[in-house]
$ cat protein-v2.cif   # mmCIF, N, CA and C atoms
data_input
#
loop_
_atom_site.label_atom_id
_atom_site.label_comp_id
_atom_site.auth_asym_id
_atom_site.auth_seq_id
_atom_site.Cartn_x
_atom_site.Cartn_y
_atom_site.Cartn_z
N MET A 1 0.84 -1.18 0.00
CA MET A 1 0.00 0.00 0.00
C MET A 1 0.89 1.25 0.00
N ARG A 2 0.65 2.11 -0.93
CA ARG A 2 1.42 3.35 -1.03
C ARG A 2 0.70 4.45 -0.26
N ILE A 3 1.44 5.16 0.55
CA ILE A 3 0.88 6.28 1.31
C ILE A 3 1.48 7.56 0.74
N ASP A 4 0.64 8.35 0.08
CA ASP A 4 1.10 9.59 -0.54
C ASP A 4 1.05 10.78 0.41
N LYS A 5 0.08 10.77 1.32
CA LYS A 5 -0.01 11.88 2.26
C LYS A 5 -0.36 11.37 3.64
N LEU A 6 0.10 12.12 4.60
CA LEU A 6 -0.13 11.81 6.01
C LEU A 6 -0.83 13.00 6.65
N TRP A 7 -1.59 12.71 7.67
CA TRP A 7 -2.17 13.76 8.49
C TRP A 7 -1.55 13.64 9.87
N ILE A 8 -0.98 14.72 10.36
CA ILE A 8 -0.29 14.74 11.64
C ILE A 8 -1.15 15.50 12.65
N VAL A 9 -1.34 14.92 13.81
CA VAL A 9 -2.02 15.60 14.92
C VAL A 9 -0.96 15.86 15.98
N THR A 10 -0.80 17.11 16.34
CA THR A 10 0.18 17.48 17.37
C THR A 10 -0.54 17.81 18.67
N ARG A 11 0.21 17.79 19.73
CA ARG A 11 -0.35 18.12 21.05
C ARG A 11 -0.67 19.61 21.11
N PRO A 12 -1.86 19.95 21.58
CA PRO A 12 -2.25 21.36 21.65
C PRO A 12 -1.42 22.14 22.67
N LYS A 13 -1.34 23.42 22.43
CA LYS A 13 -0.71 24.35 23.36
C LYS A 13 -1.72 25.46 23.62
N THR A 14 -1.45 26.30 24.58
CA THR A 14 -2.34 27.41 24.87
C THR A 14 -2.59 28.22 23.60
N MET A 15 -3.82 28.55 23.37
CA MET A 15 -4.28 29.33 22.22
C MET A 15 -4.28 28.54 20.91
N SER A 16 -4.12 27.22 20.95
CA SER A 16 -4.17 26.40 19.74
C SER A 16 -5.58 26.35 19.18
N GLU A 17 -5.66 26.31 17.86
CA GLU A 17 -6.92 26.11 17.16
C GLU A 17 -6.79 24.84 16.35
N SER A 18 -7.88 24.40 15.73
CA SER A 18 -7.87 23.15 14.99
C SER A 18 -6.76 23.11 13.95
N GLY A 19 -6.56 24.20 13.22
CA GLY A 19 -5.52 24.24 12.21
C GLY A 19 -4.11 24.19 12.78
N ASP A 20 -3.99 24.46 14.07
CA ASP A 20 -2.68 24.42 14.72
C ASP A 20 -2.31 23.00 15.15
N VAL A 21 -3.29 22.14 15.32
CA VAL A 21 -2.99 20.81 15.85
C VAL A 21 -3.04 19.72 14.80
N CYS A 22 -3.42 20.03 13.57
CA CYS A 22 -3.37 19.01 12.53
C CYS A 22 -2.95 19.63 11.21
N PHE A 23 -2.18 18.86 10.47
CA PHE A 23 -1.76 19.32 9.15
C PHE A 23 -1.49 18.13 8.25
N GLU A 24 -1.61 18.38 6.96
CA GLU A 24 -1.37 17.37 5.94
C GLU A 24 0.05 17.52 5.41
N THR A 25 0.71 16.40 5.18
CA THR A 25 2.06 16.44 4.64
C THR A 25 2.38 15.11 3.97
N ASP A 26 3.56 15.02 3.42
CA ASP A 26 4.06 13.73 2.95
C ASP A 26 5.30 13.42 3.80
N ILE A 27 5.95 12.32 3.55
CA ILE A 27 7.07 11.92 4.41
C ILE A 27 8.22 12.92 4.33
N LYS A 28 8.45 13.51 3.16
CA LYS A 28 9.51 14.51 3.03
C LYS A 28 9.15 15.77 3.81
N GLY A 29 7.88 16.16 3.74
CA GLY A 29 7.43 17.33 4.50
C GLY A 29 7.53 17.10 6.00
N LEU A 30 7.23 15.89 6.43
CA LEU A 30 7.35 15.57 7.86
C LEU A 30 8.81 15.65 8.29
N ALA A 31 9.71 15.15 7.45
CA ALA A 31 11.14 15.24 7.76
C ALA A 31 11.57 16.70 7.90
N LEU A 32 11.07 17.56 7.01
CA LEU A 32 11.40 18.99 7.10
C LEU A 32 10.82 19.62 8.37
N GLN A 33 9.60 19.22 8.74
CA GLN A 33 9.00 19.72 9.99
C GLN A 33 9.87 19.35 11.18
N LEU A 34 10.35 18.11 11.19
CA LEU A 34 11.19 17.65 12.31
C LEU A 34 12.53 18.39 12.32
N LYS A 35 13.10 18.64 11.16
CA LYS A 35 14.35 19.41 11.09
C LYS A 35 14.11 20.86 11.49
N GLY A 36 12.89 21.36 11.23
CA GLY A 36 12.55 22.75 11.52
C GLY A 36 12.14 23.02 12.95
N GLY A 37 12.08 21.98 13.77
CA GLY A 37 11.78 22.22 15.18
C GLY A 37 10.64 21.43 15.77
N LEU A 38 9.87 20.73 14.94
CA LEU A 38 8.82 19.89 15.48
C LEU A 38 9.47 18.74 16.24
N GLU A 39 9.14 18.59 17.49
CA GLU A 39 9.71 17.54 18.32
C GLU A 39 8.85 16.28 18.22
N PRO A 40 9.47 15.11 18.14
CA PRO A 40 8.69 13.87 18.06
C PRO A 40 7.67 13.73 19.19
N GLU A 41 8.02 14.19 20.39
CA GLU A 41 7.08 14.09 21.52
C GLU A 41 5.89 15.04 21.38
N ASP A 42 5.96 16.00 20.46
CA ASP A 42 4.83 16.89 20.21
C ASP A 42 3.80 16.26 19.27
N ILE A 43 4.15 15.14 18.64
CA ILE A 43 3.23 14.46 17.73
C ILE A 43 2.34 13.53 18.53
N HIS A 44 1.05 13.80 18.47
CA HIS A 44 0.06 12.96 19.17
C HIS A 44 -0.21 11.70 18.37
N ALA A 45 -0.40 11.83 17.05
CA ALA A 45 -0.72 10.68 16.22
C ALA A 45 -0.51 11.03 14.75
N VAL A 46 -0.40 9.98 13.93
CA VAL A 46 -0.27 10.11 12.48
C VAL A 46 -1.38 9.28 11.84
N TYR A 47 -2.07 9.88 10.87
CA TYR A 47 -3.21 9.22 10.22
C TYR A 47 -3.07 9.29 8.71
N THR A 48 -3.81 8.43 8.04
CA THR A 48 -3.91 8.50 6.59
C THR A 48 -5.32 8.89 6.16
N ASP A 49 -6.26 8.97 7.09
CA ASP A 49 -7.65 9.28 6.79
C ASP A 49 -8.01 10.67 7.31
N HIS A 50 -8.43 11.55 6.40
CA HIS A 50 -8.74 12.93 6.77
C HIS A 50 -9.87 13.04 7.79
N ALA A 51 -10.94 12.29 7.61
CA ALA A 51 -12.08 12.36 8.54
C ALA A 51 -11.67 11.95 9.94
N GLU A 52 -10.86 10.92 10.03
CA GLU A 52 -10.41 10.44 11.34
C GLU A 52 -9.54 11.49 12.03
N VAL A 53 -8.67 12.14 11.28
CA VAL A 53 -7.79 13.14 11.88
C VAL A 53 -8.58 14.36 12.34
N GLU A 54 -9.60 14.76 11.59
CA GLU A 54 -10.43 15.90 12.01
C GLU A 54 -11.13 15.60 13.32
N TRP A 55 -11.65 14.39 13.45
CA TRP A 55 -12.32 13.99 14.69
C TRP A 55 -11.34 13.99 15.86
N GLU A 56 -10.17 13.39 15.65
CA GLU A 56 -9.18 13.29 16.73
C GLU A 56 -8.64 14.66 17.12
N ALA A 57 -8.38 15.51 16.15
CA ALA A 57 -7.89 16.86 16.45
C ALA A 57 -8.92 17.63 17.28
N GLY A 58 -10.18 17.53 16.91
CA GLY A 58 -11.23 18.19 17.70
C GLY A 58 -11.34 17.63 19.10
N ARG A 59 -11.19 16.32 19.22
CA ARG A 59 -11.28 15.66 20.53
C ARG A 59 -10.15 16.11 21.45
N ILE A 60 -8.91 16.07 20.97
CA ILE A 60 -7.82 16.43 21.88
C ILE A 60 -7.77 17.93 22.14
N LEU A 61 -8.23 18.73 21.19
CA LEU A 61 -8.29 20.17 21.42
C LEU A 61 -9.32 20.50 22.49
N ALA A 62 -10.48 19.87 22.43
CA ALA A 62 -11.52 20.09 23.45
C ALA A 62 -11.04 19.63 24.82
N ALA A 63 -10.37 18.49 24.87
CA ALA A 63 -9.85 17.99 26.15
C ALA A 63 -8.80 18.93 26.71
N PHE A 64 -7.94 19.45 25.85
CA PHE A 64 -6.91 20.38 26.31
C PHE A 64 -7.53 21.67 26.82
N GLU A 65 -8.52 22.19 26.11
CA GLU A 65 -9.17 23.42 26.54
C GLU A 65 -9.84 23.24 27.90
N LYS A 66 -10.46 22.09 28.11
CA LYS A 66 -11.09 21.79 29.40
C LYS A 66 -10.03 21.72 30.50
N TYR A 67 -8.93 21.05 30.23
CA TYR A 67 -7.84 20.93 31.19
C TYR A 67 -7.23 22.30 31.49
N ASP A 68 -6.98 23.09 30.44
CA ASP A 68 -6.38 24.42 30.60
C ASP A 68 -7.29 25.33 31.43
N ALA A 69 -8.59 25.27 31.18
CA ALA A 69 -9.54 26.09 31.95
C ALA A 69 -9.55 25.68 33.41
N ALA A 70 -9.53 24.38 33.67
CA ALA A 70 -9.53 23.89 35.06
C ALA A 70 -8.23 24.30 35.75
N LEU A 71 -7.12 24.24 35.04
CA LEU A 71 -5.85 24.63 35.61
C LEU A 71 -5.85 26.12 35.95
N LYS A 72 -6.34 26.95 35.05
CA LYS A 72 -6.41 28.39 35.30
C LYS A 72 -7.34 28.71 36.47
N GLU A 73 -8.45 27.98 36.56
CA GLU A 73 -9.40 28.18 37.66
C GLU A 73 -8.75 27.81 39.00
N GLY A 74 -7.95 26.77 38.99
CA GLY A 74 -7.25 26.34 40.21
C GLY A 74 -6.19 27.31 40.66
N LEU A 75 -5.67 28.12 39.77
CA LEU A 75 -4.65 29.09 40.12
C LEU A 75 -5.23 30.37 40.73
N LYS A 76 -6.54 30.52 40.64
CA LYS A 76 -7.17 31.74 41.18
C LYS A 76 -7.26 31.69 42.67
#
$ encode --input "protein-v2.cif" --output "structure tokens"
Amino acid sequence: MRIDKLWIVTRPKTMSESGDVCFETDIKGLALQLKGGLEPEDIHAVYTDHAEVEWEAGRILAAFEKYDAALKEGLK
């Protein structure tokens, strides 16, 4: 099976939006991302299916926002 494109889901950070946590690339593009500063531990998952990656990106972004809000509330 040939894989022409990959969808990468990265771990959210403060102020992340959906477009910040997922992107489409190929293996050469992923190599460039890693050389450019993307850390392997920042990658949550790699997918070949666009619908699946959209669902997962939304899921982890919502979970992060909930966690971040609870953390900020605890600091008050």
$ residues_around --input "protein-v2.cif" --residues "region 48-63 of chain A" --least-positions-apart "5" --cutoff "6 Å" --atoms "all atoms listed in the file" --output "list in words"
Lys5, Leu6, Trp7, Val21 and Asp68 of chain A
$ select_by_dssp --input "protein-v2.cif" --residues "chain A" --states "strand (DSSP E)" --output "ChimeraX atom specification"
/A:6-10,22-25,43-47
$ atom_distance --input "protein-v2.cif" --atom1 "atom C of Ile27 (chain A)" --atom2 "CA of Pro12 (chain A)"
21.9 Å
$ atom_distance --input "protein-v2.cif" --atom1 "CA of Lys72 (chain A)" --atom2 "atom C of Arg11 (chain A)"
17.6 Å
$ closest_residue --input "protein-v2.cif" --among "A:Ala69, A:Ile3, A:Leu75, A:Ile8" --to "Leu34 (chain A)" --atoms "only C-alpha atoms"
A:Ile8
$ residues_near_point --input "protein-v2.cif" --point "(-4.2, 20.0, 15.4)" --cutoff "6 Å" --atoms "only C-alpha atoms" --output "VMD selection string"
chain A and resid 9 to 10 18 to 22 57
$ closest_residue --input "protein-v2.cif" --among "A:Gln33, A:Lys13, A:Tyr67, A:Phe23" --to "Ala45 (chain A)" --atoms "only C-alpha atoms"
A:Phe23
$ select_by_dssp --input "protein-v2.cif" --residues "chain A" --states "alpha helix (DSSP H)" --output "number ranges by chain"
A: 18-21, 27-35, 50-74
$ atom_distance --input "protein-v2.cif" --atom1 "CA of Thr25 (chain A)" --atom2 "atom N of Met1 (chain A)"
18.3 Å
$ closest_residue --input "protein-v2.cif" --among "A:Gly29, A:Asp4, A:Thr14, A:Glu24" --to "Phe64 (chain A)" --atoms "all atoms listed in the file"
A:Thr14
$ decode --input "protein-v2.cif" --residues "region 37-54 of chain A" --atoms "N, CA and C atoms" --output "PDB file, in the first residue's frame"
ATOM      1  N   GLY A  37      12.080  21.978  13.770  1.00  0.00           N
ATOM      2  CA  GLY A  37      11.783  22.225  15.176  1.00  0.00           C
ATOM      3  C   GLY A  37      10.642  21.425  15.765  1.00  0.00           C
ATOM      4  N   LEU A  38       9.865  20.731  14.936  1.00  0.00           N
ATOM      5  CA  LEU A  38       8.816  19.887  15.482  1.00  0.00           C
ATOM      6  C   LEU A  38       9.474  18.738  16.239  1.00  0.00           C
ATOM      7  N   GLU A  39       9.141  18.593  17.489  1.00  0.00           N
ATOM      8  CA  GLU A  39       9.709  17.538  18.321  1.00  0.00           C
ATOM      9  C   GLU A  39       8.846  16.284  18.220  1.00  0.00           C
ATOM     10  N   PRO A  40       9.471  15.110  18.140  1.00  0.00           N
ATOM     11  CA  PRO A  40       8.689  13.870  18.059  1.00  0.00           C
ATOM     12  C   PRO A  40       7.673  13.727  19.192  1.00  0.00           C
ATOM     13  N   GLU A  41       8.017  14.194  20.390  1.00  0.00           N
ATOM     14  CA  GLU A  41       7.080  14.086  21.517  1.00  0.00           C
ATOM     15  C   GLU A  41       5.886  15.036  21.381  1.00  0.00           C
ATOM     16  N   ASP A  42       5.957  16.002  20.461  1.00  0.00           N
ATOM     17  CA  ASP A  42       4.827  16.892  20.206  1.00  0.00           C
ATOM     18  C   ASP A  42       3.800  16.264  19.267  1.00  0.00           C
ATOM     19  N   ILE A  43       4.153  15.144  18.641  1.00  0.00           N
ATOM     20  CA  ILE A  43       3.235  14.464  17.734  1.00  0.00           C
ATOM     21  C   ILE A  43       2.342  13.530  18.533  1.00  0.00           C
ATOM     22  N   HIS A  44       1.052  13.798  18.471  1.00  0.00           N
ATOM     23  CA  HIS A  44       0.064  12.963  19.168  1.00  0.00           C
ATOM     24  C   HIS A  44      -0.210  11.699  18.369  1.00  0.00           C
ATOM     25  N   ALA A  45      -0.400  11.835  17.051  1.00  0.00           N
ATOM     26  CA  ALA A  45      -0.722  10.680  16.215  1.00  0.00           C
ATOM     27  C   ALA A  45      -0.512  11.026  14.747  1.00  0.00           C
ATOM     28  N   VAL A  46      -0.404   9.981  13.927  1.00  0.00           N
ATOM     29  CA  VAL A  46      -0.267  10.108  12.476  1.00  0.00           C
ATOM     30  C   VAL A  46      -1.382   9.284  11.843  1.00  0.00           C
ATOM     31  N   TYR A  47      -2.074   9.879  10.871  1.00  0.00           N
ATOM     32  CA  TYR A  47      -3.208   9.225  10.221  1.00  0.00           C
ATOM     33  C   TYR A  47      -3.071   9.293   8.709  1.00  0.00           C
ATOM     34  N   THR A  48      -3.809   8.432   8.040  1.00  0.00           N
ATOM     35  CA  THR A  48      -3.914   8.495   6.587  1.00  0.00           C
ATOM     36  C   THR A  48      -5.318   8.889   6.155  1.00  0.00           C
ATOM     37  N   ASP A  49      -6.255   8.970   7.086  1.00  0.00           N
ATOM     38  CA  ASP A  49      -7.654   9.275   6.786  1.00  0.00           C
ATOM     39  C   ASP A  49      -8.012  10.667   7.310  1.00  0.00           C
ATOM     40  N   HIS A  50      -8.434  11.549   6.404  1.00  0.00           N
ATOM     41  CA  HIS A  50      -8.738  12.934   6.769  1.00  0.00           C
ATOM     42  C   HIS A  50      -9.871  13.039   7.787  1.00  0.00           C
ATOM     43  N   ALA A  51     -10.938  12.291   7.611  1.00  0.00           N
ATOM     44  CA  ALA A  51     -12.076  12.365   8.538  1.00  0.00           C
ATOM     45  C   ALA A  51     -11.666  11.951   9.943  1.00  0.00           C
ATOM     46  N   GLU A  52     -10.860  10.924  10.031  1.00  0.00           N
ATOM     47  CA  GLU A  52     -10.410  10.444  11.337  1.00  0.00           C
ATOM     48  C   GLU A  52      -9.538  11.489  12.032  1.00  0.00           C
ATOM     49  N   VAL A  53      -8.674  12.145  11.276  1.00  0.00           N
ATOM     50  CA  VAL A  53      -7.795  13.136  11.877  1.00  0.00           C
ATOM     51  C   VAL A  53      -8.583  14.363  12.335  1.00  0.00           C
ATOM     52  N   GLU A  54      -9.599  14.761  11.587  1.00  0.00           N
ATOM     53  CA  GLU A  54     -10.430  15.897  12.008  1.00  0.00           C
ATOM     54  C   GLU A  54     -11.131  15.598  13.324  1.00  0.00           C
TER      55      GLU A  54
END
